[in-house]
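S.K.: Structure incoming, see below.
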Amino acid sequence: MFRESHWTPREDGGSPHVKWVSVVAEDGSHAVVGRFPSLAPTPAGTAGGRCNAPRKTPAIIRTIDHVGQACQNPAVRPSYNARDICNPTLSSTLSPAPTPTTQPLSLVADEMRTVDAVIQQRLSSEVPLVGQVAQYIISAGGKRVRPALLLLMCGALECTDERRHSLAAVVEFIHTATLLHDDVVDESTLRRGRDTANEVFGNAASVLVGDFLYSRAFQMMVDAGNMRIMQVLADATNVIAEGEVLQLMNMHDASLDEAGYLRVIRAKTAKLFEASARLAAILAGADEALETRCADYGQALGAAFQVVDDVLDYEGDAQELGKNLGDDLREGKVTLPIICTLQNCEPAEAELIRGAIENGNTEHLDDILRIVRQRGGLEAARKAAAAEAMRAVDAARALPRNKYSESLVQLAAALLERRS
């Protein structure tokens, strides 16, 4: 087993270059772990199997030391150790390697059309405004990763239970309800490239239709006729709500550390991914050990997804993202790129960043973007996302080997490459 890296210049010839990182097994099979921007290629960065981490990044590499306090289940602690990222085990590999153009969700495209039909059917309401607001946000599109995850996991476990499509719709309804509420709390004006529902219909309508989607989801849970399914989804919804409140409490707090950040994203984002994967195991009648592996995959995938999302808020393109760059800073959210940057920057730079967070001020956004890039905040955060993705890959490799479990591995890698 060895690690392979190569550098790809940007199309415009500028910086940062892009570092593609793969892990390669003795039989030649390999899996792309991710790509990390850097100000300049450093040939010595791959010598001796060591990562070329930015200055003072061990503070974030050691995030694992804090995860036990942030998670209720210490058995699922991620490893952010540089050695684990650079020298993964054979269980972290799969052939063929995905590329940025790979579409691992295409395997369930036909099933997702069935889910879309269920969504449209169950959005019906005798109150016109409910349908208008719900259709507005649902029709905005999105990646639909959570319901697709449930279907992919069902495929990996060879589960053909007809309830899978309805439960996939339930997961999407819960997610959509959180988006409606989030945009009101965050006072967001742009999502998926167009005005948010609260911007179009007002805060009251958005909150109430979000409540409708939650209640409709619970009606559909009852239809499944399985108390275990209801327990998983009810618990997940409760944890998500707690995560949102916790994030609200952390707003404008520049002292938030990695442990606090991880606690929030494991609740508000990773929990629904975890529940989606766990539901597939329940439908398949899996034993406790297999159900836990499925849940581990979902939690790790969700954490990686959120970390990358937070990275894109500082290095993405507003048109690609479909939202305003720097929204997290404006809202006073302290995310992993900022936490990593504050551990490496100069006192004057830290003072500028802290002032922006505490006041929700984007007046110096360009300067802060430059500092985050130069001080290794983005690279360190992407490495943390890659560590979570590797954990998801390990969990997927423990599943029955088939085209669906292969797609789950590819999905973990593809999420690291997303630009929106």
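Lettering and numbering for the structure tokens are positional, with chains as A, B, ... in the shown order, residues counted from 1 in each chain, and ligands counted from 1 in the shown order.
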Identify, on the basis of only C-alpha atoms, every residue whose closest approach to A:Gly332 does not exceed 8 Å; exclude the query and any residue fewer than 2 positions from it along the same chain; express the result as a short mmCIF file (atom, residue, chain, number, x, y, z; two decimals) with N, CA and C atoms, in the first residue's frame.

M.R.:
data_model
loop_
_atom_site.label_atom_id
_atom_site.label_comp_id
_atom_site.auth_asym_id
_atom_site.auth_seq_id
_atom_site.Cartn_x
_atom_site.Cartn_y
_atom_site.Cartn_z
N MET A 251 -23.43 31.25 17.80
CA MET A 251 -23.30 32.36 16.85
C MET A 251 -22.45 33.48 17.45
N HIS A 252 -21.58 34.03 16.62
CA HIS A 252 -20.74 35.17 16.98
C HIS A 252 -19.76 34.87 18.12
N ASP A 253 -19.51 33.58 18.34
CA ASP A 253 -18.55 33.18 19.37
C ASP A 253 -17.25 32.77 18.71
N ASP A 328 -21.59 32.45 5.96
CA ASP A 328 -21.29 31.98 7.31
C ASP A 328 -20.69 33.09 8.16
N LEU A 329 -19.79 33.86 7.55
CA LEU A 329 -19.16 34.96 8.28
C LEU A 329 -20.20 36.03 8.63
N ARG A 330 -21.05 36.34 7.67
CA ARG A 330 -22.09 37.35 7.91
C ARG A 330 -23.02 36.93 9.04
N VAL A 334 -18.95 30.16 13.19
CA VAL A 334 -17.54 29.78 13.22
C VAL A 334 -17.44 28.35 12.72
N ALA A 356 -14.94 40.34 12.72
CA ALA A 356 -15.95 40.05 11.71
C ALA A 356 -16.97 39.05 12.23
N ILE A 357 -16.50 38.03 12.96
CA ILE A 357 -17.40 37.01 13.51
C ILE A 357 -18.31 37.62 14.57
N GLU A 358 -17.74 38.36 15.48
CA GLU A 358 -18.51 38.90 16.60
C GLU A 358 -19.53 39.93 16.17
N ASN A 359 -19.24 40.63 15.06
CA ASN A 359 -20.14 41.68 14.59
C ASN A 359 -20.94 41.29 13.35
N GLY A 360 -20.67 40.09 12.80
CA GLY A 360 -21.35 39.68 11.57
C GLY A 360 -21.07 40.63 10.43
#

S.K.: Identify, on the basis of only C-alpha atoms, every residue whose closest approach to A:Gly285 does not exceed 12 Å; exclude the query and any residue fewer than 6 positions from it along the same chain; express the result as a list in words.

M.R.: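 That gives Cys154, Leu157, Glu158, Cys159, Thr160, Asp161, Asn226, Arg228, Ile229, Arg278, Leu279 and Glu291 of chain A.
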
S.K.: Per residue of stretch 207-291 of chain A within 6 Å of stretch 174-190 of chain A, record the nearest atom pair and its distance in Å to one decimal, counting only C-alpha atoms, with rows in chain order and ascending residue number, as CSV.

M.R.:
residue,atom,partner,partner_atom,distance
A:Val207,CA,A:His181,CA,5.6
A:Gly210,CA,A:Ala177,CA,4.2
A:Leu213,CA,A:Ala177,CA,5.7
A:Tyr214,CA,A:Ile174,CA,5.7

S.K.: Per DSSP on the backbone, filter stretch 91-333 of chain A down to the residues in strand (DSSP E or B) and report them as a ChimeraX atom specification.

M.R.: /A:190-191,194-195

S.K.: Those selected residues, please, written with C-alpha atoms and delivered as a short mmCIF file (atom, residue, chain, number, x, y, z; two decimals), in the first residue's frame.

M.R.:
data_model
loop_
_atom_site.label_atom_id
_atom_site.label_comp_id
_atom_site.auth_asym_id
_atom_site.auth_seq_id
_atom_site.Cartn_x
_atom_site.Cartn_y
_atom_site.Cartn_z
CA LEU A 190 -30.39 33.03 -1.64
CA ARG A 191 -30.48 29.23 -1.85
CA ARG A 194 -32.70 31.74 -6.34
CA ASP A 195 -34.52 33.68 -3.63
#

S.K.: Which polymer residues have any atom within 9 Å of an atom of A:Ala267, counting only C-alpha atoms, with same-chain residues fewer than 3 positions away left out, as number ranges by chain?

M.R.: A: 236, 239-244, 262-264, 270-272

S.K.: Expressed in Å to a single decimal, how great is the separation between atom CA of A:Val311 and atom CA of A:Leu365?

M.R.: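 Spanning atom CA of A:Val311 to atom CA of A:Leu365 is a straight-line distance of 14.6 Å.
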
S.K.: Using only C-alpha atoms, which of A:Leu167, A:Ala385, A:Val222, A:Ala259 sits nearest A:Ile282?

M.R.: A:Leu167

S.K.: What separation in Å, quoted to one decimal, exists between atom CA of A:Pro400 and atom CA of A:Ala156?

M.R.: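 Between atom CA of A:Pro400 and atom CA of A:Ala156 the gap is 6.4 Å.
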
S.K.: Would you mind writing down, as JSON, numbers by chain, each residue of stretch 63-263 of chain A that DSSP on the backbone assigns to alpha helix (DSSP H)?

M.R.: {"A": [64, 65, 66, 67, 68, 69, 70, 82, 83, 84, 85, 86, 109, 110, 111, 112, 113, 114, 115, 116, 117, 118, 119, 120, 121, 122, 128, 129, 130, 131, 132, 133, 134, 135, 136, 137, 138, 145, 146, 147, 148, 149, 150, 151, 152, 153, 154, 155, 156, 164, 165, 166, 167, 168, 169, 170, 171, 172, 173, 174, 175, 176, 177, 178, 179, 180, 181, 182, 183, 184, 185, 186, 197, 198, 199, 200, 201, 203, 204, 205, 206, 207, 208, 209, 210, 211, 212, 213, 214, 215, 216, 217, 218, 219, 220, 221, 222, 223, 224, 227, 228, 229, 230, 231, 232, 233, 234, 235, 236, 237, 238, 239, 240, 241, 242, 243, 244, 245, 246, 247, 248, 249, 250, 258, 259, 260, 261, 262, 263]}

S.K.: Can you tell me which residues surround A:Val118 at a distance of at most 12 Å, considering only C-alpha atoms, apart from same-chain residues fewer than 5 positions away, and format the answer as a ChimeraX atom specification?

M.R.: /A:111-113,123-124,147,163-173,217,220

S.K.: Any chance you could export the current selection's N, CA and C atoms as a PDB file, in the first residue's frame?

M.R.:
ATOM      1  N   GLU A 111     -35.006   4.868  -9.358  1.00  0.00           N
ATOM      2  CA  GLU A 111     -35.705   4.811  -8.071  1.00  0.00           C
ATOM      3  C   GLU A 111     -35.970   6.209  -7.521  1.00  0.00           C
ATOM      4  N   MET A 112     -35.056   7.130  -7.779  1.00  0.00           N
ATOM      5  CA  MET A 112     -35.262   8.500  -7.307  1.00  0.00           C
ATOM      6  C   MET A 112     -36.452   9.146  -8.009  1.00  0.00           C
ATOM      7  N   ARG A 113     -36.728   8.757  -9.247  1.00  0.00           N
ATOM      8  CA  ARG A 113     -37.917   9.268  -9.922  1.00  0.00           C
ATOM      9  C   ARG A 113     -39.185   8.769  -9.221  1.00  0.00           C
ATOM     10  N   LEU A 123     -47.217  15.984  -1.028  1.00  0.00           N
ATOM     11  CA  LEU A 123     -47.191  17.427  -0.772  1.00  0.00           C
ATOM     12  C   LEU A 123     -48.590  18.040  -0.816  1.00  0.00           C
ATOM     13  N   SER A 124     -49.563  17.269  -1.218  1.00  0.00           N
ATOM     14  CA  SER A 124     -50.918  17.795  -1.401  1.00  0.00           C
ATOM     15  C   SER A 124     -51.491  18.317  -0.084  1.00  0.00           C
ATOM     16  N   PRO A 147     -31.974  10.947   0.573  1.00  0.00           N
ATOM     17  CA  PRO A 147     -32.819   9.843   0.106  1.00  0.00           C
ATOM     18  C   PRO A 147     -32.073   8.881  -0.813  1.00  0.00           C
ATOM     19  N   ARG A 163     -41.335  -0.141   0.965  1.00  0.00           N
ATOM     20  CA  ARG A 163     -41.429   1.047   1.814  1.00  0.00           C
ATOM     21  C   ARG A 163     -40.221   1.970   1.660  1.00  0.00           C
ATOM     22  N   ARG A 164     -39.193   1.511   0.977  1.00  0.00           N
ATOM     23  CA  ARG A 164     -37.961   2.303   0.879  1.00  0.00           C
ATOM     24  C   ARG A 164     -38.204   3.639   0.172  1.00  0.00           C
ATOM     25  N   HIS A 165     -39.075   3.668  -0.817  1.00  0.00           N
ATOM     26  CA  HIS A 165     -39.318   4.913  -1.548  1.00  0.00           C
ATOM     27  C   HIS A 165     -40.060   5.925  -0.679  1.00  0.00           C
ATOM     28  N   SER A 166     -41.027   5.446   0.090  1.00  0.00           N
ATOM     29  CA  SER A 166     -41.759   6.340   0.983  1.00  0.00           C
ATOM     30  C   SER A 166     -40.844   6.894   2.068  1.00  0.00           C
ATOM     31  N   LEU A 167     -39.984   6.043   2.619  1.00  0.00           N
ATOM     32  CA  LEU A 167     -39.068   6.506   3.666  1.00  0.00           C
ATOM     33  C   LEU A 167     -38.012   7.458   3.116  1.00  0.00           C
ATOM     34  N   ALA A 168     -37.612   7.246   1.871  1.00  0.00           N
ATOM     35  CA  ALA A 168     -36.686   8.193   1.235  1.00  0.00           C
ATOM     36  C   ALA A 168     -37.346   9.567   1.116  1.00  0.00           C
ATOM     37  N   ALA A 169     -38.638   9.583   0.802  1.00  0.00           N
ATOM     38  CA  ALA A 169     -39.373  10.844   0.739  1.00  0.00           C
ATOM     39  C   ALA A 169     -39.487  11.478   2.124  1.00  0.00           C
ATOM     40  N   VAL A 170     -39.679  10.655   3.148  1.00  0.00           N
ATOM     41  CA  VAL A 170     -39.731  11.163   4.525  1.00  0.00           C
ATOM     42  C   VAL A 170     -38.440  11.887   4.873  1.00  0.00           C
ATOM     43  N   VAL A 171     -37.323  11.270   4.541  1.00  0.00           N
ATOM     44  CA  VAL A 171     -36.015  11.873   4.815  1.00  0.00           C
ATOM     45  C   VAL A 171     -35.889  13.224   4.111  1.00  0.00           C
ATOM     46  N   GLU A 172     -36.338  13.285   2.864  1.00  0.00           N
ATOM     47  CA  GLU A 172     -36.255  14.546   2.111  1.00  0.00           C
ATOM     48  C   GLU A 172     -37.181  15.602   2.707  1.00  0.00           C
ATOM     49  N   PHE A 173     -38.351  15.209   3.177  1.00  0.00           N
ATOM     50  CA  PHE A 173     -39.267  16.162   3.811  1.00  0.00           C
ATOM     51  C   PHE A 173     -38.642  16.748   5.078  1.00  0.00           C
ATOM     52  N   ALA A 217     -44.190  14.224   7.328  1.00  0.00           N
ATOM     53  CA  ALA A 217     -43.183  13.170   7.441  1.00  0.00           C
ATOM     54  C   ALA A 217     -43.562  12.179   8.533  1.00  0.00           C
ATOM     55  N   MET A 220     -46.236   9.819   7.434  1.00  0.00           N
ATOM     56  CA  MET A 220     -45.693   8.777   6.567  1.00  0.00           C
ATOM     57  C   MET A 220     -44.899   7.737   7.356  1.00  0.00           C
TER      58      MET A 220
END
